[in-house]
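**Q** Here you go, this is model-v6.cif (mmCIF, C-alpha atoms).
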data_model
loop_
_atom_site.group_PDB
_atom_site.id
_atom_site.type_symbol
_atom_site.label_atom_id
_atom_site.label_comp_id
_atom_site.auth_asym_id
_atom_site.auth_seq_id
_atom_site.Cartn_x
_atom_site.Cartn_y
_atom_site.Cartn_z
ATOM 1 C CA MET J 1 11.923 -2.119 23.613
ATOM 2 C CA PRO J 2 10.611 -3.592 20.310
ATOM 3 C CA VAL J 3 7.042 -2.831 19.259
ATOM 4 C CA ARG J 4 6.012 -6.489 19.444
ATOM 5 C CA ASP J 5 7.085 -6.659 23.103
ATOM 6 C CA ARG J 6 5.403 -3.362 23.935
ATOM 7 C CA VAL J 7 2.083 -4.505 22.419
ATOM 8 C CA ALA J 8 2.236 -7.685 24.508
ATOM 9 C CA HIS J 9 3.396 -5.877 27.672
ATOM 10 C CA ALA J 10 1.693 -6.856 30.933
ATOM 11 C CA HIS J 11 1.020 -3.259 31.999
ATOM 12 C CA TRP J 12 -1.738 -1.509 30.091
ATOM 13 C CA LYS J 13 -0.074 1.900 30.384
ATOM 14 C CA ALA J 14 2.949 0.612 28.461
ATOM 15 C CA ARG J 15 0.636 -0.670 25.727
ATOM 16 C CA VAL J 16 -1.155 2.696 25.576
ATOM 17 C CA GLU J 17 2.188 4.494 25.162
ATOM 18 C CA CYS J 18 3.078 2.139 22.319
ATOM 19 C CA TYR J 19 -0.286 2.635 20.599
ATOM 20 C CA ASP J 20 -0.025 6.424 20.915
ATOM 21 C CA ALA J 21 3.496 6.390 19.475
ATOM 22 C CA ILE J 22 2.364 4.241 16.536
ATOM 23 C CA ALA J 23 -0.581 6.555 15.830
ATOM 24 C CA GLN J 24 1.804 9.536 15.737
ATOM 25 C CA ARG J 25 4.228 7.701 13.452
ATOM 26 C CA CYS J 26 1.385 6.755 11.108
ATOM 27 C CA ALA J 27 0.324 10.398 10.910
ATOM 28 C CA ARG J 28 3.805 11.297 9.644
ATOM 29 C CA ALA J 29 4.223 8.355 7.243
ATOM 30 C CA ARG J 30 2.809 8.079 3.737
ATOM 31 C CA ALA J 31 2.898 4.288 3.625
ATOM 32 C CA MET J 32 3.408 1.509 6.139
ATOM 33 C CA GLU J 33 6.789 0.667 4.642
ATOM 34 C CA ASP J 34 8.101 4.152 5.470
ATOM 35 C CA ASP J 35 8.512 3.278 9.158
ATOM 36 C CA ALA J 36 9.898 0.020 10.552
ATOM 37 C CA ASP J 37 7.912 0.349 13.787
ATOM 38 C CA VAL J 38 4.667 0.714 11.843
ATOM 39 C CA VAL J 39 5.505 -2.429 9.864
ATOM 40 C CA ALA J 40 6.233 -4.249 13.131
ATOM 41 C CA PHE J 41 2.942 -3.001 14.583
ATOM 42 C CA GLY J 42 1.162 -4.257 11.477
ATOM 43 C CA ASP J 43 2.057 -7.787 12.533
ATOM 44 C CA CYS J 44 0.505 -7.259 15.999
ATOM 45 C CA ALA J 45 -2.405 -4.990 15.077
ATOM 46 C CA VAL J 46 -4.889 -7.825 15.507
ATOM 47 C CA LYS J 47 -3.922 -8.011 19.198
ATOM 48 C CA ALA J 48 -4.469 -4.273 19.600
ATOM 49 C CA CYS J 49 -8.080 -4.731 18.446
ATOM 50 C CA ALA J 50 -8.714 -7.151 21.311
ATOM 51 C CA ASP J 51 -6.947 -5.503 24.240
ATOM 52 C CA GLY J 52 -8.466 -6.510 27.570
ATOM 53 C CA ASN J 53 -8.150 -3.072 29.145
ATOM 54 C CA ALA J 54 -10.767 -0.548 27.971
ATOM 55 C CA ALA J 55 -8.373 2.427 27.896
ATOM 56 C CA ALA J 56 -5.759 0.392 26.047
ATOM 57 C CA LEU J 57 -8.422 -0.849 23.618
ATOM 58 C CA ASP J 58 -9.360 2.752 22.795
ATOM 59 C CA ALA J 59 -5.719 3.653 22.155
ATOM 60 C CA GLY J 60 -5.157 0.419 20.229
ATOM 61 C CA LEU J 61 -8.108 1.100 17.950
ATOM 62 C CA ASP J 62 -6.768 4.627 17.365
ATOM 63 C CA ALA J 63 -3.430 3.149 16.314
ATOM 64 C CA VAL J 64 -5.081 0.574 14.055
ATOM 65 C CA ARG J 65 -7.259 3.268 12.486
ATOM 66 C CA ALA J 66 -4.198 5.449 11.832
ATOM 67 C CA MET J 67 -2.337 2.482 10.381
ATOM 68 C CA LEU J 68 -5.225 1.506 8.088
ATOM 69 C CA THR J 69 -5.207 5.002 6.581
ATOM 70 C CA ILE J 70 -1.706 4.342 5.216
ATOM 71 C CA ALA J 71 -2.031 0.581 4.641
ATOM 72 C CA ASP J 72 -2.321 -1.028 1.238
ATOM 73 C CA VAL J 73 -4.729 -3.629 -0.128
ATOM 74 C CA SER J 74 -2.293 -6.536 0.270
ATOM 75 C CA TYR J 75 -1.948 -5.846 4.004
ATOM 76 C CA ALA J 76 -5.723 -5.604 4.395
ATOM 77 C CA GLU J 77 -6.211 -8.931 2.613
ATOM 78 C CA LYS J 78 -3.734 -10.562 4.959
ATOM 79 C CA VAL J 79 -5.252 -9.397 8.261
ATOM 80 C CA ALA J 80 -8.900 -8.611 7.500
ATOM 81 C CA GLU J 81 -10.461 -11.856 8.756
ATOM 82 C CA ASP J 82 -8.642 -11.941 12.092
ATOM 83 C CA MET J 83 -8.905 -8.205 12.627
ATOM 84 C CA LEU J 84 -12.635 -8.148 11.921
ATOM 85 C CA GLY J 85 -13.253 -10.909 14.438
ATOM 86 C CA ASN J 86 -11.710 -8.761 17.155
ATOM 87 C CA LEU J 87 -13.236 -5.509 15.901
ATOM 88 C CA THR J 88 -16.743 -6.930 16.035
ATOM 89 C CA THR J 89 -16.492 -8.744 19.364
ATOM 90 C CA LYS J 90 -14.306 -6.412 21.420
ATOM 91 C CA GLY J 91 -14.579 -3.108 19.575
ATOM 92 C CA LEU J 92 -18.284 -2.956 18.772
ATOM 93 C CA GLY J 93 -19.143 -4.541 22.106
ATOM 94 C CA GLY J 94 -17.021 -2.104 24.117
ATOM 95 C CA ARG J 95 -17.478 1.474 25.251
ATOM 96 C CA PRO J 96 -19.211 3.898 22.876
ATOM 97 C CA LYS J 97 -15.846 5.420 21.931
ATOM 98 C CA ALA J 98 -14.442 1.963 21.138
ATOM 99 C CA ALA J 99 -17.512 1.079 19.073
ATOM 100 C CA GLU J 100 -17.120 4.291 17.075
ATOM 101 C CA ARG J 101 -13.444 3.586 16.416
ATOM 102 C CA ALA J 102 -14.150 -0.034 15.485
ATOM 103 C CA THR J 103 -16.778 1.155 13.009
ATOM 104 C CA GLU J 104 -14.254 3.564 11.483
ATOM 105 C CA CYS J 105 -11.759 0.709 11.147
ATOM 106 C CA CYS J 106 -14.417 -1.350 9.358
ATOM 107 C CA MET J 107 -15.053 1.526 6.944
ATOM 108 C CA LEU J 108 -11.321 1.811 6.264
ATOM 109 C CA LEU J 109 -11.191 -1.915 5.520
ATOM 110 C CA ILE J 110 -14.025 -1.419 3.027
ATOM 111 C CA GLU J 111 -11.928 1.303 1.390
ATOM 112 C CA LEU J 112 -9.117 -1.263 1.211
ATOM 113 C CA GLU J 113 -11.376 -3.566 -0.846
ATOM 114 C CA GLN J 114 -12.373 -5.918 1.970
ATOM 115 C CA CYS J 115 -16.097 -5.205 1.736
ATOM 116 C CA ASP J 116 -17.234 -8.843 1.589
ATOM 117 C CA ALA J 117 -15.272 -9.784 4.696
ATOM 118 C CA VAL J 118 -16.484 -6.681 6.551
ATOM 119 C CA LEU J 119 -20.129 -7.312 5.678
ATOM 120 C CA ASP J 120 -19.888 -10.973 6.672
ATOM 121 C CA ALA J 121 -18.428 -10.041 10.049
ATOM 122 C CA LEU J 122 -20.908 -7.216 10.672
ATOM 123 C CA LEU J 123 -23.963 -9.232 9.657
ATOM 124 C CA LYS J 124 -22.807 -12.103 11.840
ATOM 125 C CA ALA J 125 -22.307 -9.698 14.759
ATOM 126 C CA SER J 126 -25.734 -8.147 14.168
ATOM 127 C CA LEU J 127 -27.262 -11.476 15.208
ATOM 128 C CA ASN J 128 -25.395 -11.487 18.515
ATOM 129 C CA ARG J 129 -27.400 -11.917 21.703
ATOM 130 C CA ILE J 130 -25.857 -8.821 23.278
ATOM 131 C CA PRO J 131 -28.160 -5.952 22.225
ATOM 132 C CA LYS J 132 -25.419 -3.299 22.324
ATOM 133 C CA LEU J 133 -23.186 -5.298 19.985
ATOM 134 C CA ALA J 134 -26.037 -6.199 17.618
ATOM 135 C CA LEU J 135 -27.102 -2.561 17.366
ATOM 136 C CA ALA J 136 -23.539 -1.318 16.790
ATOM 137 C CA ALA J 137 -23.016 -3.897 14.023
ATOM 138 C CA THR J 138 -26.325 -3.009 12.380
ATOM 139 C CA ASN J 139 -25.456 0.697 12.536
ATOM 140 C CA ALA J 140 -22.090 -0.090 10.923
ATOM 141 C CA VAL J 141 -23.850 -1.851 8.033
ATOM 142 C CA LEU J 142 -26.077 1.211 7.619
ATOM 143 C CA MET J 143 -23.004 3.462 7.622
ATOM 144 C CA ALA J 144 -21.357 1.289 4.956
ATOM 145 C CA VAL J 145 -24.396 1.495 2.681
ATOM 146 C CA THR J 146 -24.799 5.232 3.292
ATOM 147 C CA SER J 147 -21.109 6.041 2.785
ATOM 148 C CA PHE J 148 -20.207 3.742 -0.096
ATOM 149 C CA GLY J 149 -23.487 2.966 -1.806
ATOM 150 C CA THR J 150 -24.670 -0.210 -3.374
ATOM 151 C CA PRO J 151 -24.264 -2.258 -5.606
ATOM 152 C CA LYS J 152 -20.856 -1.098 -6.864
ATOM 153 C CA VAL J 153 -18.921 -1.063 -3.584
ATOM 154 C CA VAL J 154 -21.254 -2.684 -1.084
ATOM 155 C CA PRO J 155 -22.903 -5.761 -2.640
ATOM 156 C CA ALA J 156 -26.657 -5.681 -2.111
ATOM 157 C CA SER J 157 -27.049 -9.469 -2.249
ATOM 158 C CA ALA J 158 -24.900 -10.000 0.842
ATOM 159 C CA ILE J 159 -26.876 -7.431 2.805
ATOM 160 C CA LEU J 160 -30.245 -8.779 1.689
ATOM 161 C CA LYS J 161 -29.355 -12.256 2.945
ATOM 162 C CA GLY J 162 -28.429 -10.920 6.366
ATOM 163 C CA LEU J 163 -31.198 -8.341 6.566
ATOM 164 C CA ALA J 164 -34.202 -10.653 6.969
ATOM 165 C CA PRO J 165 -33.324 -11.889 10.490
ATOM 166 C CA LEU J 166 -32.824 -8.291 11.642
ATOM 167 C CA PHE J 167 -36.512 -7.552 11.136
ATOM 168 C CA ASP J 168 -37.271 -10.268 13.711
ATOM 169 C CA ALA J 169 -34.746 -8.994 16.273
ATOM 170 C CA LYS J 170 -35.895 -8.541 19.860
ATOM 171 C CA ASP J 171 -34.393 -5.057 20.054
ATOM 172 C CA ALA J 172 -36.624 -2.379 18.520
ATOM 173 C CA LYS J 173 -33.578 -0.241 17.672
ATOM 174 C CA VAL J 174 -32.104 -3.069 15.575
ATOM 175 C CA ARG J 175 -35.426 -3.484 13.730
ATOM 176 C CA SER J 176 -35.567 0.266 13.114
ATOM 177 C CA THR J 177 -32.008 0.305 11.776
ATOM 178 C CA ALA J 178 -32.854 -2.630 9.488
ATOM 179 C CA LYS J 179 -35.659 -0.503 8.043
ATOM 180 C CA ASP J 180 -33.206 2.371 7.578
ATOM 181 C CA ILE J 181 -30.828 0.032 5.724
ATOM 182 C CA THR J 182 -33.673 -1.012 3.435
ATOM 183 C CA VAL J 183 -34.593 2.616 2.730
ATOM 184 C CA GLU J 184 -30.966 3.519 2.017
ATOM 185 C CA MET J 185 -30.550 0.542 -0.323
ATOM 186 C CA THR J 186 -33.730 1.586 -2.138
ATOM 187 C CA LYS J 187 -32.208 5.037 -2.680
ATOM 188 C CA TRP J 188 -29.196 3.443 -4.355
ATOM 189 C CA LEU J 189 -30.928 0.635 -6.252
ATOM 190 C CA GLY J 190 -34.217 2.319 -7.105
ATOM 191 C CA ALA J 191 -37.749 1.365 -6.169
ATOM 192 C CA GLN J 192 -37.930 -1.374 -8.834
ATOM 193 C CA ALA J 193 -35.089 -3.417 -7.271
#
Would you put the structure from the file into structure tokens?
**A**
Amino acid sequence: MPVRDRVAHAHWKARVECYDAIAQRCARARAMEDDADVVAFGDCAVKACADGNAAALDAGLDAVRAMLTIADVSYAEKVAEDMLGNLTTKGLGGRPKAAERATECCMLLIELEQCDAVLDALLKASLNRIPKLALAATNAVLMAVTSFGTPKVVPASAILKGLAPLFDAKDAKVRSTAKDITVEMTKWLGAQA
């Protein structure tokens, strides 16, 4: 059965098998173009980030994460917007394991030069009414600043615009993480910034 049909299969176990197979193929490949099934999955990866079944979502995010490790910048440019929409709503709002995998996918997209799109999506998600999703998005922004630094990779201006509303958030954990982001940015930019 073709990958596209397996990703859209009605039974979640069939989708999980497909995602697991793709993750294994990605581990063996050096680039997406090395494997026809990985290329075919690349066209449906956005769907894998929004799977309705929690177990299938976990496996789908594993497959997407494995694929992003071998993807190139042109692929990331093509799918970043749609993929980030699903990663922030379904991934960050899902189980803790799914949120962790979605955050890793966001970091891989930053490595693939999609930092502006990732920050826009994460800062938008950090204003969500669902506290779990807002906190996960805010933690992902903190991870991006901590891992990649600012201003060379992660633009400080984009974060500063989205940071102000986080200090007024209802959730104390979101406010605390906003303070941590500010401290981390100060480490990178200096106290005079």
**Q** Care to translate the PyMOL selection byres ((chain J and resi 54-63) around 8) into actual residues of this file, as a PyMOL selection string?
**A** chain J and resi 12-13+15-16+19-20+22-23+26+45+48-53+64-67+91+94-95+97-98+101-102+105
**Q** Once the PyMOL selection byres ((chain J and resi 79-85) around 8) has been applied to the shown file, what residues remain in the selection, as a PyMOL selection string?
**A** chain J and resi 45-46+49+75-78+86-89+106+109+114+117-118+121
**Q** Could the residues in this selection be written to a file with C-alpha atoms, as a PDB file, in the coordinates of the input?
**A**
ATOM      1  CA  ALA J  45      -2.405  -4.990  15.077  1.00  0.00           C
ATOM      2  CA  VAL J  46      -4.889  -7.825  15.507  1.00  0.00           C
ATOM      3  CA  CYS J  49      -8.080  -4.731  18.446  1.00  0.00           C
ATOM      4  CA  TYR J  75      -1.948  -5.846   4.004  1.00  0.00           C
ATOM      5  CA  ALA J  76      -5.723  -5.604   4.395  1.00  0.00           C
ATOM      6  CA  GLU J  77      -6.211  -8.931   2.613  1.00  0.00           C
ATOM      7  CA  LYS J  78      -3.734 -10.562   4.959  1.00  0.00           C
ATOM      8  CA  ASN J  86     -11.710  -8.761  17.155  1.00  0.00           C
ATOM      9  CA  LEU J  87     -13.236  -5.509  15.901  1.00  0.00           C
ATOM     10  CA  THR J  88     -16.743  -6.930  16.035  1.00  0.00           C
ATOM     11  CA  THR J  89     -16.492  -8.744  19.364  1.00  0.00           C
ATOM     12  CA  CYS J 106     -14.417  -1.350   9.358  1.00  0.00           C
ATOM     13  CA  LEU J 109     -11.191  -1.915   5.520  1.00  0.00           C
ATOM     14  CA  GLN J 114     -12.373  -5.918   1.970  1.00  0.00           C
ATOM     15  CA  ALA J 117     -15.272  -9.784   4.696  1.00  0.00           C
ATOM     16  CA  VAL J 118     -16.484  -6.681   6.551  1.00  0.00           C
ATOM     17  CA  ALA J 121     -18.428 -10.041  10.049  1.00  0.00           C
TER      18      ALA J 121
END
**Q** What separation in Å, quoted to one decimal, exists between atom CA of J:Arg28 and atom CA of J:Val153?
**A**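 It comes out at 29.1 Å.
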**Q** Using atom CA of J:Ala164 and atom CA of J:Ala144 as the two end points, give the distance in Å to one decimal.
**A**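 Computed distance, atom CA of J:Ala164 to atom CA of J:Ala144, equals 17.7 Å.
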**Q** Might you pull out every residue within 6 Å of J:Met32, with all atoms listed in the file counted and same-chain residues fewer than 5 positions away left off, and present them as a PyMOL selection string?
**A** chain J and resi 38-39+70-71
**Q** Work out how far atom CA of J:Ala137 is from atom CA of J:Ser157, in Å to one decimal.
**A** 17.7 Å
**Q** Need to verify the contact set: J:Leu92, 6 Å, only C-alpha atoms, exclusion of same-chain residues closer than 3 positions in sequence. Can you return it as a ChimeraX atom specification?
**A** /J:88,99,133,136
**Q** Put the listed atoms of stretch 36-45 of chain J in a box along x, y and z with 6 Å added on every side and give me the centre and edge lengths in Å to one decimal, as AutoDock Vina command-line options.
**A**
--center_x 3.7 --center_y -3.5 --center_z 12.9 --size_x 24.3 --size_y 20.5 --size_z 18.1
